[in-house]
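Asker: My structure is stored as upload.json, with JSON, N, CA and C atoms.
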[["chain", "number", "residue", "atom", "x", "y", "z"],
["Z", 209, "MET", "N", 11.20, -19.47, 21.98],
["Z", 209, "MET", "CA", 10.55, -18.37, 22.66],
["Z", 209, "MET", "C", 10.20, -17.31, 21.63],
["Z", 210, "SER", "N", 8.99, -16.86, 21.63],
["Z", 210, "SER", "CA", 8.58, -15.85, 20.65],
["Z", 210, "SER", "C", 9.03, -14.48, 21.09],
["Z", 211, "LYS", "N", 9.34, -13.66, 20.10],
["Z", 211, "LYS", "CA", 9.80, -12.32, 20.45],
["Z", 211, "LYS", "C", 8.59, -11.42, 20.68],
["Z", 212, "PRO", "N", 8.73, -10.42, 21.54],
["Z", 212, "PRO", "CA", 7.60, -9.55, 21.84],
["Z", 212, "PRO", "C", 7.17, -8.76, 20.61],
["Z", 213, "ALA", "N", 5.88, -8.51, 20.53],
["Z", 213, "ALA", "CA", 5.34, -7.76, 19.40],
["Z", 213, "ALA", "C", 5.85, -6.33, 19.45],
["Z", 214, "GLU", "N", 6.22, -5.82, 18.28],
["Z", 214, "GLU", "CA", 6.68, -4.45, 18.20],
["Z", 214, "GLU", "C", 5.48, -3.52, 18.29],
["Z", 215, "PRO", "N", 5.65, -2.38, 18.95],
["Z", 215, "PRO", "CA", 4.52, -1.44, 19.00],
["Z", 215, "PRO", "C", 4.23, -0.92, 17.59],
["Z", 216, "THR", "N", 2.98, -0.81, 17.26],
["Z", 216, "THR", "CA", 2.61, -0.36, 15.93],
["Z", 216, "THR", "C", 2.25, 1.11, 15.95],
["Z", 217, "ARG", "N", 2.66, 1.78, 14.90],
["Z", 217, "ARG", "CA", 2.29, 3.18, 14.74],
["Z", 217, "ARG", "C", 0.99, 3.23, 13.95],
["Z", 218, "PRO", "N", 0.12, 4.18, 14.27],
["Z", 218, "PRO", "CA", -1.12, 4.27, 13.50],
["Z", 218, "PRO", "C", -0.81, 4.66, 12.06],
["Z", 219, "GLN", "N", -1.57, 4.09, 11.13],
["Z", 219, "GLN", "CA", -1.36, 4.40, 9.73],
["Z", 219, "GLN", "C", -1.83, 5.81, 9.43],
["Z", 220, "GLN", "N", -1.08, 6.46, 8.59],
["Z", 220, "GLN", "CA", -1.45, 7.80, 8.15],
["Z", 220, "GLN", "C", -2.54, 7.69, 7.09],
["Z", 221, "PRO", "N", -3.41, 8.67, 6.98],
["Z", 221, "PRO", "CA", -4.43, 8.61, 5.93],
["Z", 221, "PRO", "C", -3.78, 8.69, 4.55],
["Z", 222, "LEU", "N", -4.40, 8.03, 3.60],
["Z", 222, "LEU", "CA", -3.90, 8.06, 2.23],
["Z", 222, "LEU", "C", -4.26, 9.38, 1.58],
["Z", 223, "PRO", "N", -3.48, 9.78, 0.56],
["Z", 223, "PRO", "CA", -3.83, 11.00, -0.15],
["Z", 223, "PRO", "C", -5.20, 10.85, -0.80],
["Z", 224, "SER", "N", -5.95, 11.91, -0.84],
["Z", 224, "SER", "CA", -7.27, 11.86, -1.46],
["Z", 224, "SER", "C", -7.44, 13.09, -2.35],
["Z", 225, "PRO", "N", -8.43, 13.06, -3.24],
["Z", 225, "PRO", "CA", -8.66, 14.21, -4.11],
["Z", 225, "PRO", "C", -8.98, 15.45, -3.28],
["Z", 226, "PRO", "N", -8.69, 16.63, -3.80],
["Z", 226, "PRO", "CA", -8.99, 17.85, -3.06],
["Z", 226, "PRO", "C", -10.47, 17.94, -2.70],
["Z", 227, "ALA", "N", -10.74, 18.46, -1.50],
["Z", 227, "ALA", "CA", -12.12, 18.59, -1.04],
["Z", 227, "ALA", "C", -12.88, 19.55, -1.96],
["Z", 228, "GLY", "N", -14.10, 19.20, -2.26],
["Z", 228, "GLY", "CA", -14.93, 20.05, -3.09],
["Z", 228, "GLY", "C", -14.64, 19.91, -4.57],
["Z", 229, "SER", "N", -13.71, 19.06, -4.93],
["Z", 229, "SER", "CA", -13.37, 18.88, -6.34],
["Z", 229, "SER", "C", -14.47, 18.09, -7.04],
["Z", 230, "LYS", "N", -14.94, 18.60, -8.15],
["Z", 230, "LYS", "CA", -15.97, 17.91, -8.92],
["Z", 230, "LYS", "C", -15.36, 17.19, -10.10],
["Z", 231, "VAL", "N", -14.04, 17.28, -10.22],
["Z", 231, "VAL", "CA", -13.34, 16.60, -11.30],
["Z", 231, "VAL", "C", -13.15, 15.14, -10.91],
["Z", 232, "ARG", "N", -13.56, 14.26, -11.79],
["Z", 232, "ARG", "CA", -13.42, 12.83, -11.53],
["Z", 232, "ARG", "C", -11.95, 12.44, -11.67],
["Z", 233, "GLU", "N", -11.46, 11.66, -10.74],
["Z", 233, "GLU", "CA", -10.08, 11.19, -10.80],
["Z", 233, "GLU", "C", -9.99, 10.15, -11.90],
["Z", 234, "VAL", "N", -9.30, 10.47, -12.97],
["Z", 234, "VAL", "CA", -9.24, 9.59, -14.13],
["Z", 234, "VAL", "C", -8.08, 8.61, -14.04],
["Z", 235, "LEU", "N", -6.90, 9.13, -13.74],
["Z", 235, "LEU", "CA", -5.73, 8.27, -13.66],
["Z", 235, "LEU", "C", -5.51, 7.80, -12.24],
["Z", 236, "PRO", "N", -5.08, 6.54, -12.08],
["Z", 236, "PRO", "CA", -4.82, 6.06, -10.72],
["Z", 236, "PRO", "C", -3.62, 6.78, -10.12],
["Z", 237, "ARG", "N", -3.66, 6.97, -8.82],
["Z", 237, "ARG", "CA", -2.55, 7.58, -8.10],
["Z", 237, "ARG", "C", -1.66, 6.46, -7.56],
["Z", 238, "TYR", "N", -0.40, 6.75, -7.44],
["Z", 238, "TYR", "CA", 0.58, 5.75, -7.02],
["Z", 238, "TYR", "C", 1.41, 6.25, -5.85],
["Z", 239, "MET", "N", 1.91, 5.29, -5.06],
["Z", 239, "MET", "CA", 2.86, 5.57, -3.98],
["Z", 239, "MET", "C", 4.08, 4.70, -4.21],
["Z", 240, "THR", "N", 5.25, 5.26, -3.96],
["Z", 240, "THR", "CA", 6.50, 4.52, -4.13],
["Z", 240, "THR", "C", 6.75, 3.61, -2.93],
["Z", 241, "TRP", "N", 7.74, 2.72, -3.08],
["Z", 241, "TRP", "CA", 8.11, 1.83, -1.97],
["Z", 241, "TRP", "C", 8.39, 2.61, -0.69],
["Z", 242, "PRO", "N", 9.26, 3.65, -0.73],
["Z", 242, "PRO", "CA", 9.54, 4.38, 0.51],
["Z", 242, "PRO", "C", 8.28, 5.02, 1.12],
["Z", 243, "GLU", "N", 7.39, 5.52, 0.28],
["Z", 243, "GLU", "CA", 6.15, 6.11, 0.79],
["Z", 243, "GLU", "C", 5.27, 5.06, 1.47],
["Z", 244, "VAL", "N", 5.17, 3.87, 0.86],
["Z", 244, "VAL", "CA", 4.35, 2.79, 1.43],
["Z", 244, "VAL", "C", 4.99, 2.28, 2.72],
["Z", 245, "ILE", "N", 6.30, 2.17, 2.76],
["Z", 245, "ILE", "CA", 6.99, 1.73, 3.98],
["Z", 245, "ILE", "C", 6.73, 2.72, 5.11],
["Z", 246, "SER", "N", 6.82, 4.00, 4.81],
["Z", 246, "SER", "CA", 6.56, 5.02, 5.83],
["Z", 246, "SER", "C", 5.10, 5.02, 6.26],
["Z", 247, "TRP", "N", 4.19, 4.93, 5.30],
["Z", 247, "TRP", "CA", 2.75, 4.97, 5.58],
["Z", 247, "TRP", "C", 2.31, 3.75, 6.39],
["Z", 248, "SER", "N", 2.79, 2.57, 6.00],
["Z", 248, "SER", "CA", 2.32, 1.33, 6.64],
["Z", 248, "SER", "C", 3.08, 0.98, 7.90],
["Z", 249, "SER", "N", 4.26, 1.55, 8.08],
["Z", 249, "SER", "CA", 5.20, 1.22, 9.15],
["Z", 249, "SER", "C", 5.63, -0.24, 9.12],
["Z", 250, "LEU", "N", 5.59, -0.84, 7.93],
["Z", 250, "LEU", "CA", 6.10, -2.20, 7.72],
["Z", 250, "LEU", "C", 7.41, -2.09, 6.95],
["Z", 251, "SER", "N", 8.32, -3.01, 7.19],
["Z", 251, "SER", "CA", 9.59, -3.00, 6.47],
["Z", 251, "SER", "C", 9.38, -3.54, 5.06],
["Z", 252, "ARG", "N", 10.36, -3.29, 4.20],
["Z", 252, "ARG", "CA", 10.28, -3.78, 2.83],
["Z", 252, "ARG", "C", 10.20, -5.31, 2.80],
["Z", 253, "SER", "N", 10.99, -5.97, 3.67],
["Z", 253, "SER", "CA", 10.96, -7.44, 3.68],
["Z", 253, "SER", "C", 9.61, -7.96, 4.16],
["Z", 254, "THR", "N", 9.00, -7.29, 5.14],
["Z", 254, "THR", "CA", 7.66, -7.70, 5.60],
["Z", 254, "THR", "C", 6.63, -7.47, 4.50],
["Z", 255, "LEU", "N", 6.72, -6.35, 3.82],
["Z", 255, "LEU", "CA", 5.79, -6.08, 2.70],
["Z", 255, "LEU", "C", 5.94, -7.15, 1.62],
["Z", 256, "ARG", "N", 7.17, -7.48, 1.27],
["Z", 256, "ARG", "CA", 7.38, -8.52, 0.24],
["Z", 256, "ARG", "C", 6.79, -9.87, 0.69],
["Z", 257, "ARG", "N", 6.96, -10.20, 1.96],
["Z", 257, "ARG", "CA", 6.40, -11.45, 2.50],
["Z", 257, "ARG", "C", 4.88, -11.42, 2.43],
["Z", 258, "GLU", "N", 4.27, -10.29, 2.79],
["Z", 258, "GLU", "CA", 2.81, -10.15, 2.76],
["Z", 258, "GLU", "C", 2.29, -10.19, 1.31],
["Z", 259, "ILE", "N", 3.02, -9.60, 0.39],
["Z", 259, "ILE", "CA", 2.63, -9.64, -1.02],
["Z", 259, "ILE", "C", 2.69, -11.07, -1.53],
["Z", 260, "ALA", "N", 3.75, -11.80, -1.19],
["Z", 260, "ALA", "CA", 3.90, -13.20, -1.62],
["Z", 260, "ALA", "C", 2.78, -14.07, -1.06],
["Z", 261, "ALA", "N", 2.29, -13.74, 0.13],
["Z", 261, "ALA", "CA", 1.21, -14.51, 0.76],
["Z", 261, "ALA", "C", -0.17, -13.97, 0.36],
["Z", 262, "SER", "N", -0.22, -13.03, -0.57],
["Z", 262, "SER", "CA", -1.48, -12.42, -1.05],
["Z", 262, "SER", "C", -2.24, -11.72, 0.07],
["Z", 263, "ARG", "N", -1.51, -11.11, 1.01],
["Z", 263, "ARG", "CA", -2.15, -10.37, 2.09],
["Z", 263, "ARG", "C", -1.92, -8.86, 1.98],
["Z", 264, "PHE", "N", -1.26, -8.44, 0.89],
["Z", 264, "PHE", "CA", -1.01, -7.02, 0.65],
["Z", 264, "PHE", "C", -0.97, -6.83, -0.86],
["Z", 265, "PRO", "N", -1.52, -5.73, -1.37],
["Z", 265, "PRO", "CA", -1.53, -5.53, -2.82],
["Z", 265, "PRO", "C", -0.12, -5.37, -3.39],
["Z", 266, "ALA", "N", 0.12, -6.03, -4.49],
["Z", 266, "ALA", "CA", 1.44, -5.98, -5.13],
["Z", 266, "ALA", "C", 1.64, -4.67, -5.88],
["Z", 267, "PRO", "N", 2.89, -4.22, -5.97],
["Z", 267, "PRO", "CA", 3.15, -3.01, -6.75],
["Z", 267, "PRO", "C", 3.01, -3.32, -8.24],
["Z", 268, "GLU", "N", 2.79, -2.27, -9.01],
["Z", 268, "GLU", "CA", 2.71, -2.41, -10.46],
["Z", 268, "GLU", "C", 3.99, -1.87, -11.07],
["Z", 269, "THR", "N", 4.41, -2.46, -12.16],
["Z", 269, "THR", "CA", 5.59, -1.98, -12.87],
["Z", 269, "THR", "C", 5.15, -0.84, -13.78],
["Z", 270, "LEU", "N", 5.68, 0.35, -13.52],
["Z", 270, "LEU", "CA", 5.33, 1.52, -14.31],
["Z", 270, "LEU", "C", 6.24, 1.67, -15.53],
["Z", 271, "SER", "N", 7.48, 1.28, -15.38],
["Z", 271, "SER", "CA", 8.47, 1.27, -16.45],
["Z", 271, "SER", "C", 9.59, 0.36, -15.98],
["Z", 272, "PRO", "N", 10.53, 0.01, -16.84],
["Z", 272, "PRO", "CA", 11.62, -0.86, -16.38],
["Z", 272, "PRO", "C", 12.34, -0.26, -15.16],
["Z", 273, "GLY", "N", 12.38, -1.02, -14.09],
["Z", 273, "GLY", "CA", 13.04, -0.59, -12.87],
["Z", 273, "GLY", "C", 12.22, 0.36, -12.00],
["Z", 274, "ARG", "N", 10.96, 0.58, -12.33],
["Z", 274, "ARG", "CA", 10.12, 1.51, -11.56],
["Z", 274, "ARG", "C", 8.82, 0.83, -11.16],
["Z", 275, "GLU", "N", 8.66, 0.58, -9.86],
["Z", 275, "GLU", "CA", 7.45, -0.03, -9.32],
["Z", 275, "GLU", "C", 6.77, 0.96, -8.37],
["Z", 276, "ALA", "N", 5.46, 0.89, -8.32],
["Z", 276, "ALA", "CA", 4.71, 1.73, -7.39],
["Z", 276, "ALA", "C", 3.39, 1.04, -7.05],
["Z", 277, "PHE", "N", 2.80, 1.43, -5.94],
["Z", 277, "PHE", "CA", 1.56, 0.85, -5.46],
["Z", 277, "PHE", "C", 0.39, 1.76, -5.80],
["Z", 278, "ARG", "N", -0.70, 1.19, -6.27],
["Z", 278, "ARG", "CA", -1.90, 1.99, -6.56],
["Z", 278, "ARG", "C", -2.57, 2.37, -5.24],
["Z", 279, "VAL", "N", -2.87, 3.65, -5.09],
["Z", 279, "VAL", "CA", -3.48, 4.16, -3.87],
["Z", 279, "VAL", "C", -4.85, 3.55, -3.64],
["Z", 280, "ASP", "N", -5.63, 3.33, -4.71],
["Z", 280, "ASP", "CA", -6.97, 2.76, -4.52],
["Z", 280, "ASP", "C", -6.88, 1.34, -3.94],
["Z", 281, "LYS", "N", -5.88, 0.57, -4.34],
["Z", 281, "LYS", "CA", -5.71, -0.79, -3.79],
["Z", 281, "LYS", "C", -5.22, -0.74, -2.35],
["Z", 282, "LEU", "N", -4.36, 0.23, -2.03],
["Z", 282, "LEU", "CA", -3.91, 0.39, -0.65],
["Z", 282, "LEU", "C", -5.08, 0.81, 0.24],
["Z", 283, "ARG", "N", -5.95, 1.63, -0.29],
["Z", 283, "ARG", "CA", -7.13, 2.06, 0.46],
["Z", 283, "ARG", "C", -8.04, 0.86, 0.75],
["Z", 284, "GLN", "N", -8.23, -0.03, -0.23],
["Z", 284, "GLN", "CA", -9.03, -1.23, -0.02],
["Z", 284, "GLN", "C", -8.40, -2.12, 1.05],
["Z", 285, "TRP", "N", -7.08, -2.26, 1.00],
["Z", 285, "TRP", "CA", -6.38, -3.06, 2.01],
["Z", 285, "TRP", "C", -6.57, -2.45, 3.39],
["Z", 286, "GLN", "N", -6.45, -1.13, 3.48],
["Z", 286, "GLN", "CA", -6.60, -0.43, 4.75],
["Z", 286, "GLN", "C", -8.00, -0.61, 5.32],
["Z", 287, "GLU", "N", -8.99, -0.72, 4.44],
["Z", 287, "GLU", "CA", -10.38, -0.87, 4.88],
["Z", 287, "GLU", "C", -10.72, -2.31, 5.26],
["Z", 288, "GLY", "N", -9.77, -3.22, 5.14],
["Z", 288, "GLY", "CA", -9.99, -4.56, 5.65],
["Z", 288, "GLY", "C", -9.94, -5.69, 4.66],
["Z", 289, "ARG", "N", -9.80, -5.39, 3.40],
["Z", 289, "ARG", "CA", -9.69, -6.48, 2.43],
["Z", 289, "ARG", "C", -8.33, -7.12, 2.60],
["Z", 290, "ARG", "N", -8.29, -8.42, 2.80],
["Z", 290, "ARG", "CA", -7.03, -9.06, 3.15],
["Z", 290, "ARG", "C", -6.49, -10.05, 2.11],
["Z", 291, "HIS", "N", -7.23, -10.37, 1.06],
["Z", 291, "HIS", "CA", -6.73, -11.34, 0.09],
["Z", 291, "HIS", "C", -6.46, -10.64, -1.23],
["Z", 292, "TRP", "N", -5.24, -10.78, -1.72],
["Z", 292, "TRP", "CA", -4.84, -10.15, -2.97],
["Z", 292, "TRP", "C", -4.28, -11.23, -3.89],
["Z", 293, "ALA", "N", -5.01, -11.52, -4.95],
["Z", 293, "ALA", "CA", -4.56, -12.52, -5.90],
["Z", 293, "ALA", "C", -3.31, -12.04, -6.61],
["Z", 294, "SER", "N", -2.39, -12.93, -6.84],
["Z", 294, "SER", "CA", -1.16, -12.57, -7.57],
["Z", 294, "SER", "C", -1.51, -12.28, -9.01],
["Z", 295, "GLY", "N", -0.74, -11.39, -9.59],
["Z", 295, "GLY", "CA", -0.92, -11.13, -11.01],
["Z", 295, "GLY", "C", -1.38, -9.81, -11.23]]
Rewrite the structure from the file as structure tokens, please.
Answerer:
Amino acid sequence: MSKPAEPTRPQQPLPSPPAGSKVREVLPRYMTWPEVISWSSLSRSTLRREIAASRFPAPETLSPGREAFRVDKLRQWQEGRRHWASG
């Protein structure tokens, strides 16, 4: 017997550059695991499963023991891109 679908919370908008800013965003922005879990309303285990299946962008290693997700890739995923090659 399948379990009932959990109600989904609407995703919060991603951070964006300040309105009216003419400065080009040079460095990519990042979100931590807890921020992505809160934003997506998916659990860490579900995110890991989706990353392994190439259905969610993988985090990047910023330094030993520090991973974060690029906001531009999360924005692409939010807009409907569903395939993320590993690597």
Asker: Which distance in Å separates atom C of Tyr238 in chain Z and CA of Val279 in chain Z, to one decimal?
Answerer: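 Rounded to one decimal, the two atoms are 5.7 Å apart.
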Asker: Which centre and edge lengths in Å to one decimal define the box along x, y and z that fits every listed atom of range 258-269 of chain Z plus 4 Å per side, as AutoDock Vina command-line options?
Answerer:
--center_x 1.7 --center_y -7.7 --center_z -5.5 --size_x 15.8 --size_y 21.7 --size_z 24.6
Asker: So that I can check the surroundings of Arg237 in chain Z, please list as an MDAnalysis selection string every protein, DNA and RNA residue that reaches within 6 Å of it, counting all atoms listed in the file and ignoring chain neighbours fewer than 4 positions away.
Answerer: chainID Z and resid 277:280
Asker: Those residues with N, CA and C atoms, as a PDB file, keeping the file's coordinate frame please?
Answerer:
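What follows is the written file result05.pdb:
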ATOM      1  N   PHE Z 277       2.800   1.430  -5.940  1.00  0.00           N
ATOM      2  CA  PHE Z 277       1.560   0.850  -5.460  1.00  0.00           C
ATOM      3  C   PHE Z 277       0.390   1.760  -5.800  1.00  0.00           C
ATOM      4  N   ARG Z 278      -0.700   1.190  -6.270  1.00  0.00           N
ATOM      5  CA  ARG Z 278      -1.900   1.990  -6.560  1.00  0.00           C
ATOM      6  C   ARG Z 278      -2.570   2.370  -5.240  1.00  0.00           C
ATOM      7  N   VAL Z 279      -2.870   3.650  -5.090  1.00  0.00           N
ATOM      8  CA  VAL Z 279      -3.480   4.160  -3.870  1.00  0.00           C
ATOM      9  C   VAL Z 279      -4.850   3.550  -3.640  1.00  0.00           C
ATOM     10  N   ASP Z 280      -5.630   3.330  -4.710  1.00  0.00           N
ATOM     11  CA  ASP Z 280      -6.970   2.760  -4.520  1.00  0.00           C
ATOM     12  C   ASP Z 280      -6.880   1.340  -3.940  1.00  0.00           C
TER      13      ASP Z 280
END
Asker: Please indicate the distance in Å from atom N of Gly273 in chain Z to CA of Thr240 in chain Z, rounded to one decimal place.
Answerer: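 Pair atom N of Gly273 in chain Z / CA of Thr240 in chain Z returns 12.8 Å.
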Asker: What does the structure give for the distance between CA of Gln219 in chain Z and CA of Ser248 in chain Z, in Å to one decimal?
Answerer: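 Spanning CA of Gln219 in chain Z to CA of Ser248 in chain Z is a straight-line distance of 5.7 Å.
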Asker: For Ile245 in chain Z, list every protein, DNA or RNA residue within 12 Å, evaluated using only C-alpha atoms, and leave out those in the same chain fewer than 5 positions away; present the list as a list in words.
Answerer: Arg217, Gln219, Gln220, Met239, Thr240, Leu250, Ser251, Arg252, Ser253, Thr254, Leu255, Arg256, Ala276, Phe277 and Leu282 of chain Z
